[in-house]
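Trainee: The structure that follows is given in the form of structure tokens.
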Amino acid sequence: EAPLPSVQLTRRERQVLKLLAEGYKNQGIAELLFISSRTVEKHRASLTKKLGVSSLHQLIDAARESGLLQ
């Protein structure tokens, strides 16, 4: 499979992605980052769009494959 083109993520998107990969749910991420769970949902939507995936599982796999979770 070809690697994903370089994806530009914001610092906050990277934080949310890392916590999702560690198994945190939206509410847990919101509490850790002092943001609303709605904001976490927006970051997740942005991440899935940027990585061209439709599920959390695909999101984490794509992030690992493209080196975003290092």
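Every chain in the structure tokens has a letter given in the order shown (A, B, ...), and although residue numbers restart at 1 in each chain, ligands are simply numbered from 1 in the order shown.
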Can you list, as a PyMOL selection string, every protein, DNA or RNA residue that comes within 10 Å of stretch 8-12 of chain A when you count only C-alpha atoms, leaving out same-chain residues fewer than 5 positions away?

Mentor: chain A and resi 17-18+33+40+43+46-47+50-51+68

Trainee: If you run DSSP on this backbone, which residues of chain A come out as alpha helix (DSSP H), and could you give them as a ChimeraX atom specification?

Mentor: /A:11-21,26-33,37-51,56-65

Trainee: If we count only C-alpha atoms, what is near A:Ala45 at a cut-off of 12 Å, once residues fewer than 2 positions away on the same chain are taken out, given as an NGL selection string?

Mentor: :A and (13 or 16-17 or 26 or 38-43 or 47-56 or 59)

Trainee: What does the structure give for the distance between atom CA of A:Arg44 and atom CA of A:Ile29, in Å to one decimal?

Mentor: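 Atom CA of A:Arg44 sits 11.0 Å away from atom CA of A:Ile29.
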
Trainee: Between atom CA of A:Ser36 and atom CA of A:Ala63, measure the distance and give it in Å to one decimal.

Mentor: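 Atom CA of A:Ser36 sits 23.3 Å away from atom CA of A:Ala63.
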
Trainee: Name the closest residue to A:Glu65 among the candidates A:Ala30, A:Ile35, A:Leu19, A:Val7; distances are taken between atoms, counting only C-alpha atoms.

Mentor: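 Checking each of A:Ala30, A:Ile35, A:Leu19, A:Val7 against A:Glu65, counting only C-alpha atoms, the winner is A:Val7.
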
Trainee: In terms of the shortest atom-to-atom distance over only C-alpha atoms, which of A:Gln15, A:Ser6, A:Gln70, A:Gln58 is closest to A:Leu32?

Mentor: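 Answer, going by the shortest atom-to-atom distance: A:Gln15.
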
Trainee: Can you tell me how far atom CA of A:Ile60 sits from atom CA of A:Leu20, in Å to one decimal?

Mentor: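 Separation between atom CA of A:Ile60 and atom CA of A:Leu20: 7.7 Å.
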